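Student: Pasting start01.cif here (mmCIF, N, CA and C atoms):
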```cif
data_my_file
#
loop_
_atom_site.group_PDB
_atom_site.id
_atom_site.type_symbol
_atom_site.label_atom_id
_atom_site.label_comp_id
_atom_site.auth_asym_id
_atom_site.auth_seq_id
_atom_site.Cartn_x
_atom_site.Cartn_y
_atom_site.Cartn_z
ATOM 1 N N MET A 25 -63.116 35.559 -45.082
ATOM 2 C CA MET A 25 -62.055 36.521 -44.886
ATOM 3 C C MET A 25 -60.767 35.812 -44.513
ATOM 4 N N ALA A 26 -60.806 34.948 -43.549
ATOM 5 C CA ALA A 26 -59.593 34.307 -43.087
ATOM 6 C C ALA A 26 -59.013 33.362 -44.136
ATOM 7 N N SER A 27 -59.794 33.073 -45.176
ATOM 8 C CA SER A 27 -59.277 32.221 -46.244
ATOM 9 C C SER A 27 -58.192 32.934 -47.030
ATOM 10 N N GLY A 28 -58.207 34.269 -46.969
ATOM 11 C CA GLY A 28 -57.219 35.061 -47.688
ATOM 12 C C GLY A 28 -57.728 35.577 -49.017
ATOM 13 N N TRP A 29 -58.900 35.141 -49.433
ATOM 14 C CA TRP A 29 -59.443 35.573 -50.721
ATOM 15 C C TRP A 29 -60.402 36.726 -50.526
ATOM 16 N N GLY A 30 -60.205 37.769 -51.305
ATOM 17 C CA GLY A 30 -61.088 38.923 -51.254
ATOM 18 C C GLY A 30 -62.284 38.735 -52.164
ATOM 19 N N VAL A 31 -63.126 39.725 -52.238
ATOM 20 C CA VAL A 31 -64.349 39.684 -53.029
ATOM 21 C C VAL A 31 -64.048 39.475 -54.506
ATOM 22 N N THR A 32 -62.977 40.065 -54.987
ATOM 23 C CA THR A 32 -62.664 39.982 -56.418
ATOM 24 C C THR A 32 -61.812 38.762 -56.764
ATOM 25 N N GLY A 33 -61.537 37.922 -55.787
ATOM 26 C CA GLY A 33 -60.735 36.733 -56.052
ATOM 27 C C GLY A 33 -59.256 36.903 -55.786
ATOM 28 N N SER A 34 -58.849 38.117 -55.473
ATOM 29 C CA SER A 34 -57.445 38.362 -55.128
ATOM 30 C C SER A 34 -57.289 38.284 -53.610
ATOM 31 N N LYS A 35 -56.073 38.512 -53.135
ATOM 32 C CA LYS A 35 -55.825 38.478 -51.696
ATOM 33 C C LYS A 35 -56.656 39.550 -51.010
ATOM 34 N N GLY A 36 -57.282 39.211 -49.913
ATOM 35 C CA GLY A 36 -58.101 40.160 -49.166
ATOM 36 C C GLY A 36 -57.272 41.296 -48.604
ATOM 37 N N ARG A 37 -57.872 42.467 -48.483
ATOM 38 C CA ARG A 37 -57.137 43.659 -48.046
ATOM 39 C C ARG A 37 -56.610 43.530 -46.633
ATOM 40 N N CYS A 38 -57.251 42.733 -45.787
ATOM 41 C CA CYS A 38 -56.814 42.600 -44.393
ATOM 42 C C CYS A 38 -56.131 41.268 -44.122
ATOM 43 N N TYR A 39 -55.871 40.515 -45.159
ATOM 44 C CA TYR A 39 -55.312 39.182 -44.965
ATOM 45 C C TYR A 39 -53.948 39.220 -44.265
ATOM 46 N N ASP A 40 -53.091 40.142 -44.640
ATOM 47 C CA ASP A 40 -51.773 40.238 -44.003
ATOM 48 C C ASP A 40 -51.904 40.551 -42.509
ATOM 49 N N PHE A 41 -52.869 41.422 -42.163
ATOM 50 C CA PHE A 41 -53.107 41.719 -40.754
ATOM 51 C C PHE A 41 -53.619 40.478 -40.033
ATOM 52 N N TRP A 42 -54.508 39.736 -40.698
ATOM 53 C CA TRP A 42 -55.029 38.510 -40.120
ATOM 54 C C TRP A 42 -53.898 37.505 -39.867
ATOM 55 N N MET A 43 -53.002 37.377 -40.817
ATOM 56 C CA MET A 43 -51.899 36.427 -40.664
ATOM 57 C C MET A 43 -50.994 36.823 -39.490
ATOM 58 N N ASP A 44 -50.716 38.124 -39.353
ATOM 59 C CA ASP A 44 -49.909 38.599 -38.227
ATOM 60 C C ASP A 44 -50.603 38.291 -36.901
ATOM 61 N N PHE A 45 -51.901 38.565 -36.846
ATOM 62 C CA PHE A 45 -52.673 38.312 -35.631
ATOM 63 C C PHE A 45 -52.723 36.818 -35.318
ATOM 64 N N SER A 46 -52.981 36.027 -36.322
ATOM 65 C CA SER A 46 -53.061 34.580 -36.151
ATOM 66 C C SER A 46 -51.730 34.008 -35.660
ATOM 67 N N GLU A 47 -50.644 34.469 -36.260
ATOM 68 C CA GLU A 47 -49.317 34.008 -35.851
ATOM 69 C C GLU A 47 -49.019 34.410 -34.411
ATOM 70 N N CYS A 48 -49.351 35.637 -34.065
ATOM 71 C CA CYS A 48 -49.131 36.109 -32.703
ATOM 72 C C CYS A 48 -49.914 35.253 -31.706
ATOM 73 N N MET A 49 -51.176 34.987 -32.012
ATOM 74 C CA MET A 49 -52.009 34.205 -31.103
ATOM 75 C C MET A 49 -51.485 32.781 -30.934
ATOM 76 N N SER A 50 -50.896 32.233 -31.981
ATOM 77 C CA SER A 50 -50.402 30.860 -31.882
ATOM 78 C C SER A 50 -49.100 30.772 -31.091
ATOM 79 N N LYS A 51 -48.395 31.905 -30.948
ATOM 80 C CA LYS A 51 -47.101 31.894 -30.258
ATOM 81 C C LYS A 51 -47.114 32.558 -28.885
ATOM 82 N N CYS A 52 -48.168 33.272 -28.563
ATOM 83 C CA CYS A 52 -48.158 34.064 -27.326
ATOM 84 C C CYS A 52 -48.507 33.218 -26.102
ATOM 85 N N ARG A 53 -48.138 33.751 -24.954
ATOM 86 C CA ARG A 53 -48.483 33.091 -23.688
ATOM 87 C C ARG A 53 -49.899 33.450 -23.274
ATOM 88 N N GLU A 54 -50.264 34.717 -23.488
ATOM 89 C CA GLU A 54 -51.598 35.204 -23.127
ATOM 90 C C GLU A 54 -52.153 36.022 -24.289
ATOM 91 N N PRO A 55 -53.459 35.938 -24.524
ATOM 92 C CA PRO A 55 -54.054 36.715 -25.630
ATOM 93 C C PRO A 55 -53.778 38.215 -25.549
ATOM 94 N N LYS A 56 -53.638 38.751 -24.340
ATOM 95 C CA LYS A 56 -53.393 40.200 -24.216
ATOM 96 C C LYS A 56 -52.050 40.598 -24.826
ATOM 97 N N ASP A 57 -51.151 39.618 -25.023
ATOM 98 C CA ASP A 57 -49.865 39.908 -25.653
ATOM 99 C C ASP A 57 -50.041 40.335 -27.111
ATOM 100 N N CYS A 58 -51.186 40.036 -27.694
ATOM 101 C CA CYS A 58 -51.438 40.340 -29.108
ATOM 102 C C CYS A 58 -52.427 41.492 -29.293
ATOM 103 N N THR A 59 -52.625 42.275 -28.260
ATOM 104 C CA THR A 59 -53.619 43.352 -28.318
ATOM 105 C C THR A 59 -53.365 44.328 -29.462
ATOM 106 N N LEU A 60 -52.132 44.773 -29.637
ATOM 107 C CA LEU A 60 -51.842 45.763 -30.682
ATOM 108 C C LEU A 60 -52.044 45.186 -32.079
ATOM 109 N N VAL A 61 -51.651 43.934 -32.261
ATOM 110 C CA VAL A 61 -51.824 43.296 -33.568
ATOM 111 C C VAL A 61 -53.312 43.099 -33.847
ATOM 112 N N ARG A 62 -54.067 42.766 -32.808
ATOM 113 C CA ARG A 62 -55.523 42.607 -32.942
ATOM 114 C C ARG A 62 -56.167 43.941 -33.319
ATOM 115 N N GLU A 63 -55.724 45.021 -32.681
ATOM 116 C CA GLU A 63 -56.257 46.355 -33.000
ATOM 117 C C GLU A 63 -55.996 46.707 -34.464
ATOM 118 N N ASP A 64 -54.803 46.396 -34.950
ATOM 119 C CA ASP A 64 -54.481 46.670 -36.356
ATOM 120 C C ASP A 64 -55.417 45.902 -37.284
ATOM 121 N N TYR A 65 -55.636 44.623 -36.973
ATOM 122 C CA TYR A 65 -56.525 43.798 -37.796
ATOM 123 C C TYR A 65 -57.952 44.355 -37.780
ATOM 124 N N PHE A 66 -58.459 44.684 -36.593
ATOM 125 C CA PHE A 66 -59.820 45.217 -36.502
ATOM 126 C C PHE A 66 -59.940 46.580 -37.174
ATOM 127 N N GLU A 67 -58.895 47.397 -37.090
ATOM 128 C CA GLU A 67 -58.927 48.695 -37.769
ATOM 129 C C GLU A 67 -59.007 48.498 -39.279
ATOM 130 N N CYS A 68 -58.264 47.525 -39.779
ATOM 131 C CA CYS A 68 -58.323 47.230 -41.210
ATOM 132 C C CYS A 68 -59.735 46.813 -41.615
ATOM 133 N N LEU A 69 -60.373 45.997 -40.783
ATOM 134 C CA LEU A 69 -61.724 45.515 -41.101
ATOM 135 C C LEU A 69 -62.773 46.621 -41.016
ATOM 136 N N HIS A 70 -62.736 47.405 -39.927
ATOM 137 C CA HIS A 70 -63.854 48.299 -39.611
ATOM 138 C C HIS A 70 -63.558 49.784 -39.738
ATOM 139 N N HIS A 71 -62.308 50.184 -39.766
ATOM 140 C CA HIS A 71 -61.901 51.600 -39.896
ATOM 141 C C HIS A 71 -62.458 52.493 -38.791
ATOM 142 N N SER A 72 -62.715 51.931 -37.594
ATOM 143 C CA SER A 72 -63.331 52.747 -36.540
ATOM 144 C C SER A 72 -62.474 53.919 -36.099
ATOM 145 N N LYS A 73 -61.169 53.722 -35.958
ATOM 146 C CA LYS A 73 -60.297 54.831 -35.542
ATOM 147 C C LYS A 73 -60.268 55.909 -36.615
ATOM 148 N N GLU A 74 -60.249 55.483 -37.863
ATOM 149 C CA GLU A 74 -60.257 56.442 -38.965
ATOM 150 C C GLU A 74 -61.545 57.262 -38.947
ATOM 151 N N PHE A 75 -62.696 56.598 -38.763
ATOM 152 C CA PHE A 75 -63.976 57.311 -38.735
ATOM 153 C C PHE A 75 -64.064 58.256 -37.540
ATOM 154 N N GLN A 76 -63.546 57.834 -36.387
ATOM 155 C CA GLN A 76 -63.542 58.710 -35.217
ATOM 156 C C GLN A 76 -62.696 59.947 -35.472
ATOM 157 N N ARG A 77 -61.544 59.757 -36.101
ATOM 158 C CA ARG A 77 -60.664 60.894 -36.394
ATOM 159 C C ARG A 77 -61.334 61.845 -37.382
ATOM 160 N N ARG A 78 -61.936 61.287 -38.438
ATOM 161 C CA ARG A 78 -62.632 62.138 -39.410
ATOM 162 C C ARG A 78 -63.757 62.918 -38.750
ATOM 163 N N ASN A 79 -64.481 62.275 -37.839
ATOM 164 C CA ASN A 79 -65.578 62.929 -37.150
ATOM 165 C C ASN A 79 -65.062 64.071 -36.279
ATOM 166 N N ARG A 80 -63.954 63.841 -35.558
ATOM 167 C CA ARG A 80 -63.366 64.912 -34.732
ATOM 168 C C ARG A 80 -62.930 66.088 -35.593
ATOM 169 N N ILE A 81 -62.324 65.808 -36.736
ATOM 170 C CA ILE A 81 -61.881 66.877 -37.647
ATOM 171 C C ILE A 81 -63.088 67.654 -38.161
ATOM 172 N N TYR A 82 -64.141 66.937 -38.572
ATOM 173 C CA TYR A 82 -65.347 67.593 -39.076
ATOM 174 C C TYR A 82 -65.966 68.490 -38.005
ATOM 175 N N LYS A 83 -66.064 67.980 -36.774
ATOM 176 C CA LYS A 83 -66.652 68.775 -35.693
ATOM 177 C C LYS A 83 -65.827 70.024 -35.419
ATOM 178 N N GLU A 84 -64.507 69.897 -35.452
ATOM 179 C CA GLU A 84 -63.651 71.059 -35.220
ATOM 180 C C GLU A 84 -63.806 72.078 -36.354
ATOM 181 N N GLU A 85 -63.884 71.612 -37.578
ATOM 182 C CA GLU A 85 -64.091 72.532 -38.711
ATOM 183 C C GLU A 85 -65.413 73.285 -38.549
ATOM 184 N N GLN A 86 -66.463 72.568 -38.164
ATOM 185 C CA GLN A 86 -67.769 73.199 -37.968
ATOM 186 C C GLN A 86 -67.721 74.219 -36.834
ATOM 187 N N ARG A 87 -67.020 73.885 -35.746
ATOM 188 C CA ARG A 87 -66.877 74.802 -34.618
ATOM 189 C C ARG A 87 -66.171 76.087 -35.064
ATOM 190 N N GLN A 88 -65.103 75.932 -35.863
ATOM 191 C CA GLN A 88 -64.366 77.101 -36.340
ATOM 192 C C GLN A 88 -65.219 77.957 -37.273
ATOM 193 N N LEU A 89 -66.017 77.309 -38.116
ATOM 194 C CA LEU A 89 -66.903 78.069 -39.007
ATOM 195 C C LEU A 89 -67.951 78.850 -38.214
ATOM 196 N N ARG A 90 -68.534 78.213 -37.188
ATOM 197 C CA ARG A 90 -69.523 78.908 -36.351
ATOM 198 C C ARG A 90 -68.881 80.083 -35.624
ATOM 199 N N GLU A 91 -67.672 79.871 -35.115
ATOM 200 C CA GLU A 91 -66.954 80.927 -34.407
ATOM 201 C C GLU A 91 -66.671 82.108 -35.343
ATOM 202 N N ALA A 92 -66.234 81.816 -36.560
ATOM 203 C CA ALA A 92 -65.950 82.881 -37.538
ATOM 204 C C ALA A 92 -67.229 83.631 -37.901
ATOM 205 N N ALA A 93 -68.332 82.908 -38.047
ATOM 206 C CA ALA A 93 -69.607 83.551 -38.384
ATOM 207 C C ALA A 93 -70.077 84.441 -37.247
ATOM 208 N N GLN A 94 -69.884 84.014 -36.008
ATOM 209 C CA GLN A 94 -70.279 84.826 -34.857
ATOM 210 C C GLN A 94 -69.434 86.086 -34.764
ATOM 211 N N GLU A 95 -68.145 85.979 -35.099
ATOM 212 C CA GLU A 95 -67.278 87.151 -35.075
ATOM 213 C C GLU A 95 -67.687 88.158 -36.141
ATOM 214 N N GLU A 96 -68.123 87.675 -37.304
ATOM 215 C CA GLU A 96 -68.581 88.573 -38.367
ATOM 216 C C GLU A 96 -69.850 89.292 -37.946
ATOM 217 N N VAL A 97 -70.766 88.586 -37.316
ATOM 218 C CA VAL A 97 -72.023 89.196 -36.861
ATOM 219 C C VAL A 97 -71.747 90.221 -35.765
ATOM 220 N N GLY A 98 -70.822 89.901 -34.893
ATOM 221 C CA GLY A 98 -70.462 90.815 -33.792
ATOM 222 C C GLY A 98 -69.712 92.040 -34.281
ATOM 223 N N GLY A 99 -69.153 91.965 -35.474
ATOM 224 C CA GLY A 99 -68.450 93.103 -36.032
ATOM 225 C C GLY A 99 -67.031 93.294 -35.515
ATOM 226 N N GLY A 100 -66.683 92.570 -34.487
ATOM 227 C CA GLY A 100 -65.319 92.662 -33.969
ATOM 228 C C GLY A 100 -64.981 93.981 -33.327
ATOM 229 N N GLY A 101 -65.937 94.894 -33.138
ATOM 230 C CA GLY A 101 -65.657 96.196 -32.560
ATOM 231 C C GLY A 101 -65.926 96.213 -31.074
ATOM 232 N N GLY A 102 -64.943 95.963 -30.272
ATOM 233 C CA GLY A 102 -65.113 96.000 -28.817
ATOM 234 C C GLY A 102 -65.278 94.610 -28.235
ATOM 235 N N ALA A 103 -65.156 94.578 -26.934
ATOM 236 C CA ALA A 103 -65.259 93.303 -26.230
ATOM 237 C C ALA A 103 -66.714 92.973 -25.935
ATOM 238 N N HIS A 104 -67.106 91.741 -26.209
ATOM 239 C CA HIS A 104 -68.469 91.274 -25.940
ATOM 240 C C HIS A 104 -68.385 90.183 -24.896
ATOM 241 N N HIS A 105 -68.535 90.520 -23.629
ATOM 242 C CA HIS A 105 -68.444 89.516 -22.556
ATOM 243 C C HIS A 105 -69.745 89.326 -21.911
#
```
What would you get if you wrote out this structure as structure tokens?
Tutor:
Amino acid sequence: MASGWGVTGSKGRCYDFWMDFSECMSKCREPKDCTLVREDYFECLHHSKEFQRRNRIYKEEQRQLREAAQEEVGGGGGAHH
């Protein structure tokens, strides 16, 4: 990966992020100074934030569907507490 070559022989999809991270690490005083650049590189590699967001959206959609189905069964006529 750090070589810059992707699977198909072209530039790797995360190579630019790697270069930014590598440059930051070579110039920084402390590794924590490069935390945001490191997060960008890891997100490119693993897509964890993207998957977490998709999961939250899916769960909310399912919650709304269950709520709508319960309202249909209840008939909406009167308060059910």
Student: Looking at all atoms listed in the file, which of A:Val97, A:Ile81, A:Cys68, A:Ala92 is the one that sits closest to A:Phe41?
Tutor: A:Cys68
Student: Just want the 8 Å neighbourhood of A:Tyr65, counted on only N, CA and C atoms, with same-chain residues fewer than 3 positions away dropped. Output as JSON, numbers by chain.
Tutor: {"A": [38, 40, 41, 42, 43, 45, 59, 60, 61, 62, 68, 69, 70, 71]}
Student: Interatomic distance between atom C of A:Glu95 and atom CA of A:Asn79?
Tutor: 25.3 Å
Student: Could you work out an axis-aligned bounding box for all listed atoms of stretch 78-89 of chain A, with 3 Å added on each of the six sides, and give its centre and edge lengths in Å to one decimal, as AutoDock Vina command-line options?
Tutor:
```
--center_x -64.9 --center_y 70.1 --center_z -37.0 --size_x 12.1 --size_y 23.6 --size_z 10.8
```
Student: Per DSSP on the backbone, what are the helix (DSSP H, G or I) residues of chain A, as a VMD selection string?
Tutor: chain A and resid 39 to 51 55 to 70 72 to 98
Student: State, in Å with one decimal place, the distance from atom C of A:Asp44 to atom CA of A:Asp57.
Tutor: 11.4 Å
Student: How many Å lie between atom C of A:Ser72 and atom C of A:Glu84, rounded to one decimal?
Tutor: 18.2 Å
